[in-house]
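Source file: protein_21.csv; contents: CSV, C-alpha atoms.
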chain,number,residue,atom,x,y,z
A,36,MET,CA,-14.5,22.4,-59.1
A,37,PHE,CA,-16.3,24.0,-56.2
A,38,HIS,CA,-19.3,26.3,-56.9
A,39,ALA,CA,-18.6,29.9,-56.0
A,40,ARG,CA,-21.3,29.8,-53.3
A,41,THR,CA,-19.8,26.7,-51.8
A,42,VAL,CA,-16.4,28.3,-51.6
A,43,LYS,CA,-17.9,31.4,-49.9
A,44,LEU,CA,-19.7,29.2,-47.3
A,45,LEU,CA,-16.5,27.3,-46.6
A,46,ALA,CA,-14.6,30.5,-46.0
A,47,LEU,CA,-17.2,31.7,-43.6
A,48,LEU,CA,-17.1,28.5,-41.6
A,49,LEU,CA,-13.3,28.5,-41.4
A,50,ALA,CA,-13.4,32.1,-40.1
A,51,SER,CA,-16.0,31.2,-37.5
A,52,PRO,CA,-14.7,31.6,-33.9
A,53,VAL,CA,-16.8,28.7,-32.8
A,54,LEU,CA,-15.0,26.4,-35.3
A,55,VAL,CA,-11.7,27.8,-34.3
A,56,LEU,CA,-12.5,27.0,-30.6
A,57,MET,CA,-13.6,23.5,-31.5
A,58,LEU,CA,-10.4,22.8,-33.4
A,59,SER,CA,-8.3,24.1,-30.5
A,60,LEU,CA,-9.9,22.0,-27.8
A,61,PRO,CA,-8.0,18.8,-26.7
A,62,ALA,CA,-9.5,15.5,-27.6
A,63,ALA,CA,-12.2,14.4,-25.2
A,64,ALA,CA,-11.0,12.2,-22.3
A,65,LYS,CA,-11.7,8.5,-22.8
A,66,THR,CA,-12.3,5.5,-20.5
A,67,ILE,CA,-10.2,2.5,-21.4
A,68,THR,CA,-11.0,-0.9,-20.1
A,69,TYR,CA,-7.9,-3.1,-20.0
A,70,THR,CA,-7.9,-6.8,-19.2
A,71,PRO,CA,-4.3,-7.8,-18.2
A,72,GLN,CA,-2.7,-10.1,-20.7
A,73,THR,CA,0.9,-9.9,-19.4
A,74,ILE,CA,2.2,-9.0,-15.9
A,75,TYR,CA,5.7,-7.8,-14.9
A,76,PHE,CA,7.8,-8.3,-11.8
A,77,THR,CA,10.0,-5.3,-12.6
A,78,TYR,CA,9.6,-1.6,-13.3
A,79,CYS,CA,11.6,-1.1,-16.5
A,80,PHE,CA,12.1,1.3,-19.3
A,81,SER,CA,11.9,-1.5,-21.9
A,82,HIS,CA,8.6,-3.1,-21.1
A,83,PRO,CA,6.2,-2.7,-24.1
A,84,PRO,CA,3.1,-0.7,-23.2
A,85,ALA,CA,0.0,-2.6,-22.2
A,86,ALA,CA,-2.0,0.4,-23.5
A,87,ARG,CA,-1.4,3.9,-24.7
A,88,ILE,CA,-3.6,6.5,-23.0
A,89,ALA,CA,-3.8,10.3,-23.1
A,90,SER,CA,-3.6,12.8,-20.3
A,91,GLY,CA,-7.1,13.0,-18.8
A,92,ASP,CA,-8.0,9.4,-19.7
A,93,THR,CA,-9.4,7.0,-17.2
A,94,VAL,CA,-8.4,3.3,-17.0
A,95,VAL,CA,-10.5,0.4,-15.6
A,96,THR,CA,-8.4,-2.7,-15.0
A,97,LYS,CA,-7.5,-5.5,-12.6
A,98,THR,CA,-4.5,-6.5,-10.5
A,99,ARG,CA,-3.3,-9.9,-9.1
A,100,ASP,CA,-2.3,-10.4,-5.5
A,101,ALA,CA,1.4,-10.2,-4.4
A,102,SER,CA,1.9,-14.0,-4.8
A,103,ASN,CA,0.7,-13.8,-8.4
A,104,ASP,CA,-2.5,-15.6,-7.2
A,105,ALA,CA,-0.4,-18.6,-6.1
A,106,PHE,CA,-2.5,-19.6,-3.1
A,107,GLN,CA,-5.9,-21.1,-2.5
A,108,PRO,CA,-7.9,-20.5,0.8
A,109,THR,CA,-7.5,-24.2,1.7
A,110,MET,CA,-3.7,-24.0,2.0
A,111,LYS,CA,-1.9,-23.8,5.3
A,112,THR,CA,1.7,-22.9,4.2
A,113,LEU,CA,3.5,-20.7,1.8
A,114,ALA,CA,5.3,-23.7,0.4
A,115,GLU,CA,2.1,-25.2,-0.9
A,116,GLY,CA,1.8,-22.2,-3.2
A,117,ASN,CA,5.5,-22.3,-4.2
A,118,LEU,CA,6.0,-18.7,-3.2
A,119,ASP,CA,9.1,-17.3,-4.9
A,120,LEU,CA,10.3,-14.0,-3.4
A,121,SER,CA,12.1,-13.2,-6.6
A,122,ARG,CA,8.8,-13.2,-8.5
A,123,VAL,CA,6.3,-11.3,-6.3
A,124,ASN,CA,4.2,-8.2,-6.7
A,125,PRO,CA,3.0,-8.7,-10.3
A,126,GLN,CA,2.3,-5.4,-11.9
A,127,THR,CA,-0.6,-4.5,-14.3
A,128,GLY,CA,0.7,-2.2,-17.1
A,129,PRO,CA,2.7,-0.4,-18.1
A,130,PHE,CA,0.4,2.3,-19.3
A,131,TYR,CA,2.1,4.7,-21.8
A,132,VAL,CA,0.8,8.2,-21.2
A,133,GLU,CA,1.0,10.3,-24.4
A,134,GLY,CA,2.9,13.5,-24.0
A,135,ALA,CA,4.7,12.5,-20.7
A,136,GLU,CA,8.4,13.2,-21.0
A,137,PRO,CA,11.4,13.1,-18.6
A,138,GLY,CA,11.1,16.1,-16.3
A,139,ASP,CA,7.3,16.1,-16.2
A,140,THR,CA,5.1,14.9,-13.4
A,141,LEU,CA,2.5,12.2,-13.7
A,142,LYS,CA,-0.6,12.9,-11.6
A,143,VAL,CA,-2.7,9.8,-10.8
A,144,HIS,CA,-6.1,9.9,-9.1
A,145,ILE,CA,-7.3,6.6,-7.7
A,146,ASP,CA,-11.0,6.8,-8.5
A,147,LYS,CA,-12.1,3.4,-7.2
A,148,ILE,CA,-10.7,0.2,-5.6
A,149,SER,CA,-12.9,-2.8,-5.3
A,150,LEU,CA,-12.2,-6.2,-3.7
A,151,ASN,CA,-12.9,-8.9,-6.4
A,152,ARG,CA,-12.8,-12.0,-4.1
A,153,ASP,CA,-13.9,-12.9,-0.6
A,154,TRP,CA,-10.5,-13.7,1.0
A,155,GLY,CA,-6.9,-12.5,1.3
A,156,TRP,CA,-3.7,-13.9,2.8
A,157,GLY,CA,-1.0,-13.0,5.2
A,158,GLY,CA,2.0,-15.0,6.1
A,159,ALA,CA,4.9,-15.8,8.3
A,160,ILE,CA,7.7,-15.8,5.7
A,161,PRO,CA,11.0,-17.4,6.6
A,162,TYR,CA,13.9,-14.9,6.4
A,163,PHE,CA,11.5,-12.0,5.6
A,164,GLY,CA,9.8,-9.4,7.9
A,165,ALA,CA,10.9,-6.7,10.3
A,166,LEU,CA,11.5,-9.2,13.2
A,167,ALA,CA,13.2,-11.9,11.1
A,168,PRO,CA,16.8,-12.5,10.3
A,169,GLU,CA,17.4,-11.7,6.6
A,170,TYR,CA,20.2,-11.2,4.2
A,171,LYS,CA,21.2,-7.7,5.6
A,172,THR,CA,20.7,-8.4,9.3
A,173,MET,CA,21.5,-12.1,9.7
A,174,MET,CA,21.0,-13.4,13.3
A,175,VAL,CA,21.6,-16.6,15.1
A,176,THR,CA,17.9,-17.1,15.8
A,177,PRO,CA,16.0,-19.5,13.6
A,178,PRO,CA,13.6,-18.2,10.9
A,179,VAL,CA,9.8,-18.1,11.6
A,180,VAL,CA,7.8,-21.2,10.8
A,181,ASP,CA,6.2,-21.0,7.3
A,182,THR,CA,2.6,-20.2,8.0
A,183,LEU,CA,-0.2,-19.0,5.7
A,184,TYR,CA,-3.0,-17.0,7.2
A,185,ILE,CA,-6.3,-16.8,5.4
A,186,TRP,CA,-8.5,-13.8,6.1
A,187,ARG,CA,-12.2,-13.9,5.1
A,188,PHE,CA,-13.9,-10.7,4.0
A,189,ASP,CA,-17.2,-9.8,5.5
A,190,ARG,CA,-18.3,-7.2,3.0
A,191,ALA,CA,-21.5,-6.4,4.8
A,192,ARG,CA,-19.6,-5.1,7.8
A,193,ASN,CA,-16.4,-4.2,5.8
A,194,VAL,CA,-14.1,-6.2,8.0
A,195,ALA,CA,-11.6,-9.0,7.5
A,196,VAL,CA,-11.8,-12.0,9.9
A,197,LEU,CA,-9.1,-14.3,10.9
A,198,THR,CA,-9.6,-17.4,13.1
A,199,MET,CA,-6.9,-17.9,15.7
A,200,PRO,CA,-7.5,-21.4,17.2
A,201,LYS,CA,-4.2,-21.3,19.1
A,202,SER,CA,-5.0,-18.0,20.8
A,203,LYS,CA,-7.5,-17.3,23.7
A,204,ILE,CA,-9.3,-14.7,21.7
A,205,GLY,CA,-10.3,-17.3,19.1
A,206,LYS,CA,-10.6,-14.8,16.2
A,207,VAL,CA,-9.9,-11.2,15.3
A,208,GLU,CA,-11.5,-8.7,13.0
A,209,VAL,CA,-9.8,-5.7,11.3
A,210,PRO,CA,-11.4,-3.0,9.2
A,211,VAL,CA,-11.0,-3.4,5.5
A,212,ARG,CA,-9.3,-0.3,3.9
A,213,PRO,CA,-8.0,-1.3,0.5
A,214,PHE,CA,-4.9,0.3,-0.9
A,215,PHE,CA,-2.1,-0.4,-3.4
A,216,GLY,CA,1.2,-1.5,-1.9
A,217,THR,CA,3.0,-1.1,-5.2
A,218,ILE,CA,2.5,1.8,-7.7
A,219,GLY,CA,4.8,4.0,-9.8
A,220,THR,CA,6.5,4.8,-13.0
A,221,ALA,CA,9.6,3.5,-14.9
A,222,PRO,CA,12.8,4.2,-12.9
A,223,TYR,CA,15.6,6.6,-13.7
A,224,GLY,CA,18.7,5.6,-15.7
A,225,LYS,CA,17.4,2.9,-18.0
A,226,GLU,CA,17.2,0.5,-15.1
A,227,CYS,CA,15.0,-2.6,-14.5
A,228,ILE,CA,14.2,-2.7,-10.8
A,229,SER,CA,12.3,-5.5,-9.0
A,230,SER,CA,8.7,-4.6,-8.1
A,231,LEU,CA,9.7,-5.6,-4.5
A,232,VAL,CA,12.0,-2.4,-4.3
A,233,PRO,CA,10.7,1.1,-3.8
A,234,GLY,CA,12.6,4.2,-4.9
A,235,THR,CA,12.3,7.6,-6.6
A,236,HIS,CA,9.9,6.1,-9.1
A,237,GLY,CA,7.5,4.8,-6.3
A,238,ALA,CA,6.9,1.1,-6.6
A,239,ASN,CA,6.7,-1.1,-3.4
A,240,MET,CA,6.3,1.6,-0.9
A,241,ASP,CA,3.6,-0.3,1.0
A,242,PHE,CA,2.1,2.9,2.2
A,243,ASN,CA,-1.4,2.4,3.6
A,244,GLU,CA,-2.6,5.8,2.6
A,245,VAL,CA,-2.7,4.9,-1.2
A,246,VAL,CA,-6.4,4.4,-0.9
A,247,GLN,CA,-9.4,5.2,-3.1
A,248,GLY,CA,-9.9,8.9,-3.6
A,249,VAL,CA,-6.2,10.0,-3.2
A,250,THR,CA,-4.1,11.7,-5.8
A,251,MET,CA,-0.5,10.5,-6.4
A,252,TYR,CA,2.3,12.4,-8.1
A,253,PHE,CA,5.2,10.6,-9.6
A,254,PRO,CA,8.4,11.7,-11.4
A,255,VAL,CA,8.6,10.9,-15.1
A,256,PHE,CA,11.9,9.5,-16.1
A,257,GLU,CA,11.0,7.8,-19.4
A,258,LYS,CA,8.8,8.9,-22.3
A,259,GLY,CA,5.2,7.8,-21.6
A,260,ALA,CA,6.0,7.5,-17.9
A,261,LEU,CA,5.2,3.7,-18.1
A,262,PHE,CA,2.9,3.7,-15.1
A,263,MET,CA,2.1,0.4,-13.4
A,264,LEU,CA,0.4,-0.8,-10.2
A,265,GLY,CA,-0.4,-3.9,-8.2
A,266,ASP,CA,0.1,-5.6,-4.8
A,267,GLY,CA,-3.4,-5.0,-3.5
A,268,HIS,CA,-3.8,-4.9,0.3
A,269,ALA,CA,-7.2,-5.2,2.0
A,270,ALA,CA,-5.6,-3.8,5.2
A,271,GLN,CA,-2.2,-3.3,6.7
A,272,GLY,CA,-0.7,-1.8,9.8
A,273,ASP,CA,2.1,0.8,9.6
A,274,GLY,CA,5.4,-0.7,8.4
A,275,GLU,CA,4.0,-4.0,7.1
A,276,ILE,CA,6.2,-5.5,9.8
A,277,MET,CA,5.5,-9.2,9.2
A,278,GLY,CA,6.4,-8.8,5.5
A,279,ALA,CA,2.9,-9.2,4.1
A,280,ALA,CA,-0.3,-7.3,4.5
A,281,ILE,CA,-3.8,-8.9,3.9
A,282,GLU,CA,-2.8,-9.6,0.3
A,283,THR,CA,-5.6,-9.8,-2.3
A,284,SER,CA,-6.6,-8.9,-5.9
A,285,PHE,CA,-8.4,-5.8,-7.0
A,286,ASP,CA,-10.6,-4.2,-9.6
A,287,VAL,CA,-9.4,-0.6,-10.0
A,288,GLN,CA,-10.2,2.6,-11.8
A,289,PHE,CA,-7.7,5.5,-12.1
A,290,THR,CA,-7.4,8.7,-14.0
A,291,VAL,CA,-4.1,10.2,-15.2
A,292,GLU,CA,-2.9,13.7,-16.0
A,293,VAL,CA,0.5,14.9,-17.3
A,294,ILE,CA,1.8,18.1,-15.6
A,295,LYS,CA,4.2,19.4,-18.2
A,296,GLY,CA,7.5,21.0,-17.0
A,297,LYS,CA,6.8,20.2,-13.4
A,298,THR,CA,9.8,18.2,-12.0
A,299,ILE,CA,9.6,16.4,-8.7
A,300,THR,CA,12.2,14.1,-7.1
A,301,TRP,CA,10.1,11.7,-4.9
A,302,PRO,CA,6.5,10.4,-5.0
A,303,ARG,CA,3.9,12.5,-3.4
A,304,LEU,CA,0.4,12.0,-2.2
A,305,GLU,CA,-2.5,14.3,-1.5
A,306,ASN,CA,-5.8,13.5,0.3
A,307,ASP,CA,-8.5,15.7,1.8
A,308,LYS,CA,-6.5,16.5,4.9
A,309,TYR,CA,-2.7,16.2,4.1
A,310,ILE,CA,0.0,16.5,1.5
A,311,MET,CA,2.7,13.9,1.9
A,312,SER,CA,6.2,13.2,0.5
A,313,ILE,CA,7.5,9.7,0.5
A,314,GLY,CA,11.2,8.8,0.7
A,315,SER,CA,12.6,5.3,0.3
A,316,THR,CA,16.1,4.0,1.3
A,317,ARG,CA,18.0,2.4,4.1
A,318,PRO,CA,18.6,3.1,7.0
A,319,LEU,CA,15.1,4.2,8.1
A,320,MET,CA,16.5,7.6,9.4
A,321,ASP,CA,17.7,8.5,5.9
A,322,ALA,CA,14.2,7.6,4.4
A,323,LEU,CA,12.8,10.1,6.9
A,324,ARG,CA,15.3,12.7,5.8
A,325,LEU,CA,14.5,12.2,2.2
A,326,ALA,CA,10.7,12.6,2.8
A,327,CYS,CA,11.0,15.7,5.0
A,328,SER,CA,13.6,17.4,2.8
A,329,ASP,CA,11.3,16.8,-0.2
A,330,MET,CA,8.4,18.4,1.8
A,331,VAL,CA,10.5,21.4,2.5
A,332,ASN,CA,11.3,21.8,-1.2
A,333,TRP,CA,7.7,21.3,-2.1
A,334,LEU,CA,6.5,24.0,0.3
A,335,ALA,CA,9.2,26.4,-1.1
A,336,ALA,CA,8.6,25.7,-4.8
A,337,ASP,CA,4.8,25.5,-4.8
A,338,TYR,CA,3.5,27.4,-1.8
A,339,GLY,CA,5.8,30.3,-1.4
A,340,TYR,CA,7.5,29.3,1.9
A,341,ASP,CA,11.0,30.3,2.8
A,342,LYS,CA,12.9,27.0,3.2
A,343,MET,CA,13.9,27.7,6.8
A,344,ASP,CA,10.4,28.7,7.6
A,345,ALA,CA,9.1,25.5,6.0
A,346,TYR,CA,11.7,23.5,8.1
A,347,GLN,CA,10.5,25.2,11.2
A,348,LEU,CA,6.9,24.5,10.4
A,349,LEU,CA,7.6,20.8,9.9
A,350,GLY,CA,9.5,20.8,13.2
A,351,GLN,CA,6.3,21.7,15.0
A,352,THR,CA,3.6,20.1,12.9
A,353,ALA,CA,4.9,17.2,10.7
A,354,VAL,CA,3.2,13.9,10.9
A,355,ILE,CA,5.6,11.0,10.2
A,356,LYS,CA,4.2,7.8,8.8
A,357,ILE,CA,6.3,4.6,8.6
A,358,ALA,CA,5.2,3.0,5.4
A,359,ASN,CA,7.4,-0.1,5.2
A,360,VAL,CA,10.3,-1.6,7.2
A,361,VAL,CA,10.6,-4.9,5.4
A,362,ASP,CA,11.5,-4.1,1.7
A,363,PRO,CA,15.0,-3.8,0.4
A,364,GLN,CA,14.5,-0.1,0.8
A,365,TYR,CA,12.4,1.3,3.7
A,366,SER,CA,9.7,3.9,3.1
A,367,VAL,CA,8.7,6.9,5.2
A,368,ALA,CA,6.1,9.6,4.5
A,369,CYS,CA,6.3,13.2,5.8
A,370,ALA,CA,2.7,14.6,6.0
A,371,LEU,CA,1.6,18.2,6.5
A,372,ASP,CA,-1.9,19.3,7.3
A,373,LYS,CA,-3.3,21.3,4.4
A,374,LYS,CA,-4.6,24.1,6.7
A,375,TYR,CA,-1.0,25.4,6.6
A,376,LEU,CA,-1.1,25.9,2.8
A,377,PRO,CA,-1.7,29.5,1.7
A,378,LYS,CA,-5.1,30.1,0.0
Would you encode the structure as structure tokens?
Amino acid sequence: MFHARTVKLLALLLASPVLVLMLSLPAAAKTITYTPQTIYFTYCFSHPPAARIASGDTVVTKTRDASNDAFQPTMKTLAEGNLDLSRVNPQTGPFYVEGAEPGDTLKVHIDKISLNRDWGWGGAIPYFGALAPEYKTMMVTPPVVDTLYIWRFDRARNVAVLTMPKSKIGKVEVPVRPFFGTIGTAPYGKECISSLVPGTHGANMDFNEVVQGVTMYFPVFEKGALFMLGDGHAAQGDGEIMGAAIETSFDVQFTVEVIKGKTITWPRLENDKYIMSIGSTRPLMDALRLACSDMVNWLAADYGYDKMDAYQLLGQTAVIKIANVVDPQYSVACALDKKYLPK
């Protein structure tokens, strides 16, 4: 039995506003380090979670390159690495975010992206790329010659260097600006969709603004959201027109947050200067329409714009970015300068 004084002290503690506040606070956010054990080549409702995390948690992990680390820097052709386009873009995850339910939005801040090796690859891929005959636009011209390009990273100068012995220039350098080509949540409708294909769930958008420091927003279609990412790019021009960026592996840190009851229809991105909506489909014109329509809806729902006023504003100020023109679905981003958002 409790002593009367003990009972009285317990009652005083339970009545304390400080204790009540402590009990009502959410659990402290954690940092989870996850070393990938299994990778997936699809975004799918049925993949078992790699880890269960909470809203507010931070994850530190790694990703493989788009070829599933098939190449070595001594190789000269894609064939040497047995590249299989049905098994590309290996994804780390999925991460099950507690409390995320269909109709919510998953907010992902990309805290840090680091190169974890000193080279990356690009390639001339037969029957793949914006200038190549492929299954939807077959031509009488022959495919490109299988060629593997190895880019060396000069970290001191933050550039990637490619020797070009057949060209007068001899070599070229491009700035290194690491970003994720593939990132997203499980798709709608209990589907399993190749990680080569972008859609409403995100995935292989190949958008070169998905860099360190940005915040992404994704629709949640399955419990836990089942967030995944991969396909690291050291650099890439708009459109990824040859079919591959400077492909490499990454160390990454990201932080998640569940926005309850907030429903969006397409992935969104925010950086210091712009908000952006990203639409993916074929033809390219329809991808643009999806992105810009979503931006109009975003401005109306969250920023108090009349829809026609928002449409007029985009007509005069929109920045259109071509993310990819090589995947089974094309991706376009519609960006608006944040100076046009009400304070």
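Coordinates place CA of Tyr346 in chain A at a distance of 25.6 Å from CA of Gly296 in chain A.
You can rank A:Pro108, A:Gly274, A:Pro254, A:Pro178 by their closest distance to Leu319 in chain A using only C-alpha atoms, and at the top of that list sits A:Gly274.
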Nearest to Phe106 in chain A by atom-to-atom distance, counting all atoms listed in the file, from A:Asp344, A:Glu226, A:Glu282, A:Glu257: A:Glu282
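Minimum atom-to-atom distances from A:Gly350, A:Pro161, A:Gly265, A:Gly314 to Val123 in chain A were compared using only C-alpha atoms, and the lowest value belongs to A:Gly265.
Between CA of Pro233 in chain A and CA of Gly216 in chain A lies a distance of 10.0 Å.
Using all atoms listed in the file, the smallest distance between any of A:Ala260, A:Ala64, A:Val95, A:Leu166 and Gly138 in chain A comes from A:Ala260.
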Expected residue set, 9 Å radius at (1.1, -26.8, 11.5), only C-alpha atoms, as a VMD selection string: chain A and resid 111 to 112 180 to 182
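CA of Val245 in chain A lies 12.3 Å from CA of Ser312 in chain A.
Counting only C-alpha atoms and comparing A:Leu113, A:Ile204, A:Met311, A:Leu261, the residue that lies closest to Pro137 in chain A is A:Leu261.
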Residues within 10 Å of (-9.9, 2.4, 4.1), file coords, all atoms listed in the file, listed as a tab-separated table (two decimals) with C-alpha atoms, in the coordinates of the input:
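Resulting contents of point.tsv:
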chain	number	residue	atom	x	y	z
A	148	ILE	CA	-10.70	0.20	-5.60
A	193	ASN	CA	-16.40	-4.20	5.80
A	210	PRO	CA	-11.40	-3.00	9.20
A	211	VAL	CA	-11.00	-3.40	5.50
A	212	ARG	CA	-9.30	-0.30	3.90
A	213	PRO	CA	-8.00	-1.30	0.50
A	214	PHE	CA	-4.90	0.30	-0.90
A	243	ASN	CA	-1.40	2.40	3.60
A	244	GLU	CA	-2.60	5.80	2.60
A	245	VAL	CA	-2.70	4.90	-1.20
A	246	VAL	CA	-6.40	4.40	-0.90
A	247	GLN	CA	-9.40	5.20	-3.10
A	269	ALA	CA	-7.20	-5.20	2.00
A	270	ALA	CA	-5.60	-3.80	5.20
A	271	GLN	CA	-2.20	-3.30	6.70
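Distance annotation: of A:Thr70, A:Asn359, A:Ser366, A:Ser121, the residue with the minimal separation from Met277 in chain A is A:Asn359; atom set is all atoms listed in the file.
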Within 9 Å of Val367 in chain A using all atoms listed in the file, minus same-chain residues under 2 positions, as a PyMOL selection string: chain A and resi 240+242+274+312-316+319-320+322-326+355-360+365+369
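The residue set within 8 Å of Thr93 in chain A, counting only C-alpha atoms and dropping same-chain residues fewer than 2 places from it, reads A:Ala64, A:Lys65, A:Thr66, A:Ile67, A:Gly91, A:Val95, A:Gln288, A:Phe289, A:Thr290, A:Val291.
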Within 9 Å of Gly267 in chain A using all atoms listed in the file, minus same-chain residues under 6 positions, as a ChimeraX atom specification: /A:98-101,124,150,213-217,280-285
Near-Asp362 in chain A list (8 Å; all atoms listed in the file; drop same-chain fewer than 4 positions) as a ChimeraX atom specification: /A:231-233,239,278
